[in-house]
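First comes the structure, then the notes that go with it.
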Amino acid sequence: MAIEGQVQAPRVIERAEVVLTVPAESVYVSVIRTAAAGLGARLDFTLDDIEDLRIAVDEACALLLRQARAGSPLTVSFTLGERALRVRAAATCDSPTLPARDGFSWTVLAALTTTLAMEVDGSDLVITLDRAREDS
């Protein structure tokens, strides 16, 4: 809270990491979306940017859940930077394959993120996305 006549120092966001591990089932994606929104708010994202982040996280999880092994975990790590949030989502799959880059989900992800990548890491399918805060 700023007092009249005083200048409030800008808030410094230290690099932090939050990791969530949930069952690889669609009913738990809402927990991940809520965490993404809260962390976006922590970085002073606009309401529109927070909603875009929620949609991007939802699409990334949906892509992973299509291939996730039954009973396996979905692990999502959020890394907070000064102006950006990195989301790394991974699911264990029986035969992981990279989703098509010309499909609807990938197109949505690419439009809503600053950077986007996917990879197969052993038996894990991994999607990494960054969303930077829009400064005016």
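Identifiers in the structure tokens: chain A, B, ... in order shown; residue index from 1 per chain; ligand index from 1 in order shown.
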
Using only C-alpha atoms, which residues sit within 10 Å of Arg42 in chain A once same-chain residues fewer than 4 positions away are excluded, as an mmCIF file with C-alpha atoms, in the first residue's frame?
```cif
data_model
loop_
_atom_site.group_PDB
_atom_site.id
_atom_site.type_symbol
_atom_site.label_atom_id
_atom_site.label_comp_id
_atom_site.auth_asym_id
_atom_site.auth_seq_id
_atom_site.Cartn_x
_atom_site.Cartn_y
_atom_site.Cartn_z
ATOM 1 C CA ILE A 13 9.895 -11.399 -8.584
ATOM 2 C CA ALA A 36 -1.348 -21.222 -13.861
ATOM 3 C CA ALA A 37 -3.813 -18.375 -13.362
ATOM 4 C CA GLY A 38 -2.574 -17.690 -9.841
ATOM 5 C CA LEU A 80 8.549 -17.817 -12.686
ATOM 6 C CA LEU A 85 6.197 -17.892 -16.832
#
```

Checklist entry - Which neighbours of Gly81 in chain A fall inside 12 Å, counting only C-alpha atoms, when residues of the same chain fewer than 4 positions from it are skipped, and could you give them as a ChimeraX atom specification? => result /A:12-18,39-40,42-44,85-87,130-133

Next on the checklist: Could you tell me how far CA of Asp94 in chain A sits from CA of Arg66 in chain A, in Å to one decimal place?
Outcome noted: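 So the answer is 11.3 Å.
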
Checklist entry - Which is closest to Gln67 in chain A among A:Arg83, A:Pro96, A:Met118, A:Glu134, if we use only C-alpha atoms? => result A:Pro96

Item to check | All strand (DSSP E) residues (DSSP, backbone) inside range 27-122 of chain A, as a PyMOL selection string | outcome: chain A and resi 73-80+84-92+115-121

Once you have the residues from the selection above, write them out as a PDB file, in the first residue's frame, restricted to C-alpha atoms.
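Writing done, so here's selection.pdb:
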```
ATOM      1  CA  PRO A  73       1.053 -38.988 -13.355  1.00  0.00           C
ATOM      2  CA  LEU A  74       0.857 -35.686 -15.209  1.00  0.00           C
ATOM      3  CA  THR A  75       3.655 -33.454 -13.919  1.00  0.00           C
ATOM      4  CA  VAL A  76       3.607 -29.736 -14.568  1.00  0.00           C
ATOM      5  CA  SER A  77       6.362 -27.391 -13.456  1.00  0.00           C
ATOM      6  CA  PHE A  78       5.964 -23.629 -13.484  1.00  0.00           C
ATOM      7  CA  THR A  79       9.095 -21.483 -13.465  1.00  0.00           C
ATOM      8  CA  LEU A  80       8.549 -17.817 -12.686  1.00  0.00           C
ATOM      9  CA  ALA A  84       7.545 -14.543 -17.911  1.00  0.00           C
ATOM     10  CA  LEU A  85       6.197 -17.892 -16.832  1.00  0.00           C
ATOM     11  CA  ARG A  86       7.588 -21.147 -18.229  1.00  0.00           C
ATOM     12  CA  VAL A  87       5.329 -24.187 -18.100  1.00  0.00           C
ATOM     13  CA  ARG A  88       6.760 -27.670 -18.625  1.00  0.00           C
ATOM     14  CA  ALA A  89       4.138 -30.420 -18.741  1.00  0.00           C
ATOM     15  CA  ALA A  90       5.047 -34.097 -19.039  1.00  0.00           C
ATOM     16  CA  ALA A  91       3.159 -37.376 -19.147  1.00  0.00           C
ATOM     17  CA  THR A  92       4.410 -40.946 -19.324  1.00  0.00           C
ATOM     18  CA  THR A 115       7.637 -19.836 -27.216  1.00  0.00           C
ATOM     19  CA  LEU A 116       6.501 -23.413 -27.628  1.00  0.00           C
ATOM     20  CA  ALA A 117       8.305 -26.739 -27.898  1.00  0.00           C
ATOM     21  CA  MET A 118       7.544 -30.427 -27.583  1.00  0.00           C
ATOM     22  CA  GLU A 119       9.787 -33.434 -27.273  1.00  0.00           C
ATOM     23  CA  VAL A 120       9.881 -37.102 -26.463  1.00  0.00           C
ATOM     24  CA  ASP A 121      12.120 -37.805 -23.469  1.00  0.00           C
TER      25      ASP A 121
END
```

Next on the checklist: If we count only C-alpha atoms and set the cut-off at 9 Å, which residues sit around Leu109 in chain A, ignoring sequence neighbours fewer than 6 positions away in its own chain? Please answer as an NGL selection string.
Outcome noted: :A and (55-57 or 59-60 or 116 or 129)

Item to check | Backbone-only DSSP, alpha helix (DSSP H) members of chain A, as a ChimeraX atom specification | outcome: /A:29-42,47-65,104-112

Those same residues, written as a compact mmCIF listing (two decimals), in the first residue's frame with N, CA and C atoms?
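As a result, part-v7.txt now contains:
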```txt
# COMPACT_ATOMS: atom_id res chain seq x y z
N VAL A 29 -7.14 -31.44 -14.55
CA VAL A 29 -6.58 -30.33 -15.32
C VAL A 29 -7.03 -28.98 -14.76
N SER A 30 -8.19 -28.93 -14.16
CA SER A 30 -8.66 -27.66 -13.56
C SER A 30 -7.74 -27.19 -12.45
N VAL A 31 -7.13 -28.11 -11.72
CA VAL A 31 -6.16 -27.75 -10.68
C VAL A 31 -4.95 -27.07 -11.30
N ILE A 32 -4.49 -27.60 -12.42
CA ILE A 32 -3.33 -27.05 -13.11
C ILE A 32 -3.66 -25.68 -13.71
N ARG A 33 -4.84 -25.56 -14.31
CA ARG A 33 -5.27 -24.26 -14.86
C ARG A 33 -5.35 -23.20 -13.77
N THR A 34 -5.88 -23.57 -12.62
CA THR A 34 -6.00 -22.62 -11.52
C THR A 34 -4.63 -22.18 -11.02
N ALA A 35 -3.70 -23.11 -10.93
CA ALA A 35 -2.34 -22.75 -10.52
C ALA A 35 -1.71 -21.81 -11.54
N ALA A 36 -1.90 -22.09 -12.81
CA ALA A 36 -1.35 -21.22 -13.86
C ALA A 36 -1.90 -19.81 -13.73
N ALA A 37 -3.19 -19.70 -13.50
CA ALA A 37 -3.81 -18.37 -13.36
C ALA A 37 -3.26 -17.63 -12.16
N GLY A 38 -3.12 -18.32 -11.05
CA GLY A 38 -2.57 -17.69 -9.84
C GLY A 38 -1.15 -17.21 -10.03
N LEU A 39 -0.35 -18.01 -10.70
CA LEU A 39 1.04 -17.62 -10.94
C LEU A 39 1.14 -16.49 -11.96
N GLY A 40 0.26 -16.51 -12.95
CA GLY A 40 0.21 -15.39 -13.90
C GLY A 40 -0.14 -14.10 -13.19
N ALA A 41 -1.08 -14.17 -12.26
CA ALA A 41 -1.45 -12.98 -11.48
C ALA A 41 -0.27 -12.51 -10.64
N ARG A 42 0.50 -13.44 -10.12
CA ARG A 42 1.70 -13.10 -9.32
C ARG A 42 2.70 -12.29 -10.15
N LEU A 47 -5.70 -9.56 -17.11
CA LEU A 47 -6.74 -10.59 -17.08
C LEU A 47 -6.80 -11.35 -18.40
N ASP A 48 -6.64 -10.65 -19.52
CA ASP A 48 -6.64 -11.32 -20.83
C ASP A 48 -5.45 -12.27 -20.95
N ASP A 49 -4.28 -11.85 -20.49
CA ASP A 49 -3.09 -12.71 -20.54
C ASP A 49 -3.26 -13.94 -19.65
N ILE A 50 -3.88 -13.75 -18.50
CA ILE A 50 -4.13 -14.89 -17.59
C ILE A 50 -5.07 -15.88 -18.26
N GLU A 51 -6.11 -15.39 -18.90
CA GLU A 51 -7.05 -16.29 -19.58
C GLU A 51 -6.36 -17.02 -20.73
N ASP A 52 -5.52 -16.31 -21.49
CA ASP A 52 -4.76 -16.96 -22.56
C ASP A 52 -3.85 -18.05 -22.00
N LEU A 53 -3.22 -17.77 -20.86
CA LEU A 53 -2.35 -18.76 -20.22
C LEU A 53 -3.15 -19.97 -19.79
N ARG A 54 -4.31 -19.77 -19.21
CA ARG A 54 -5.17 -20.88 -18.79
C ARG A 54 -5.56 -21.75 -19.99
N ILE A 55 -5.92 -21.12 -21.08
CA ILE A 55 -6.30 -21.87 -22.29
C ILE A 55 -5.10 -22.65 -22.83
N ALA A 56 -3.94 -22.02 -22.86
CA ALA A 56 -2.74 -22.69 -23.36
C ALA A 56 -2.39 -23.91 -22.50
N VAL A 57 -2.45 -23.75 -21.19
CA VAL A 57 -2.16 -24.87 -20.28
C VAL A 57 -3.19 -25.99 -20.49
N ASP A 58 -4.44 -25.62 -20.66
CA ASP A 58 -5.49 -26.61 -20.91
C ASP A 58 -5.21 -27.39 -22.20
N GLU A 59 -4.85 -26.68 -23.27
CA GLU A 59 -4.56 -27.34 -24.55
C GLU A 59 -3.33 -28.26 -24.44
N ALA A 60 -2.29 -27.79 -23.75
CA ALA A 60 -1.08 -28.61 -23.58
C ALA A 60 -1.42 -29.89 -22.82
N CYS A 61 -2.18 -29.76 -21.75
CA CYS A 61 -2.56 -30.95 -20.98
C CYS A 61 -3.43 -31.89 -21.80
N ALA A 62 -4.35 -31.34 -22.60
CA ALA A 62 -5.21 -32.18 -23.44
C ALA A 62 -4.38 -33.00 -24.43
N LEU A 63 -3.36 -32.36 -25.02
CA LEU A 63 -2.48 -33.09 -25.94
C LEU A 63 -1.76 -34.23 -25.23
N LEU A 64 -1.31 -33.98 -24.02
CA LEU A 64 -0.60 -35.01 -23.27
C LEU A 64 -1.53 -36.13 -22.82
N LEU A 65 -2.72 -35.78 -22.38
CA LEU A 65 -3.64 -36.80 -21.87
C LEU A 65 -4.09 -37.77 -22.94
N PHE A 104 -5.30 -28.35 -34.71
CA PHE A 104 -5.98 -27.25 -34.03
C PHE A 104 -5.31 -26.92 -32.70
N SER A 105 -5.04 -27.93 -31.88
CA SER A 105 -4.46 -27.68 -30.55
C SER A 105 -3.11 -26.98 -30.65
N TRP A 106 -2.27 -27.43 -31.57
CA TRP A 106 -0.96 -26.80 -31.73
C TRP A 106 -1.10 -25.36 -32.20
N THR A 107 -2.04 -25.12 -33.10
CA THR A 107 -2.28 -23.77 -33.61
C THR A 107 -2.71 -22.85 -32.47
N VAL A 108 -3.60 -23.33 -31.61
CA VAL A 108 -4.04 -22.54 -30.45
C VAL A 108 -2.86 -22.27 -29.52
N LEU A 109 -2.10 -23.31 -29.22
CA LEU A 109 -0.94 -23.14 -28.35
C LEU A 109 0.06 -22.12 -28.90
N ALA A 110 0.35 -22.22 -30.17
CA ALA A 110 1.31 -21.31 -30.80
C ALA A 110 0.82 -19.87 -30.75
N ALA A 111 -0.49 -19.67 -30.89
CA ALA A 111 -1.05 -18.31 -30.88
C ALA A 111 -1.05 -17.70 -29.48
N LEU A 112 -1.11 -18.52 -28.44
CA LEU A 112 -1.26 -18.02 -27.07
C LEU A 112 0.03 -17.99 -26.27
```

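The closest residue to Ala70 in chain A, picked from A:Glu82, A:Asp135, A:Asp124, A:Glu25 and counting only C-alpha atoms, is A:Glu25.
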
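Taking CA of Ala68 in chain A as the reference point, CA of Val27 in chain A is found at 14.0 Å.
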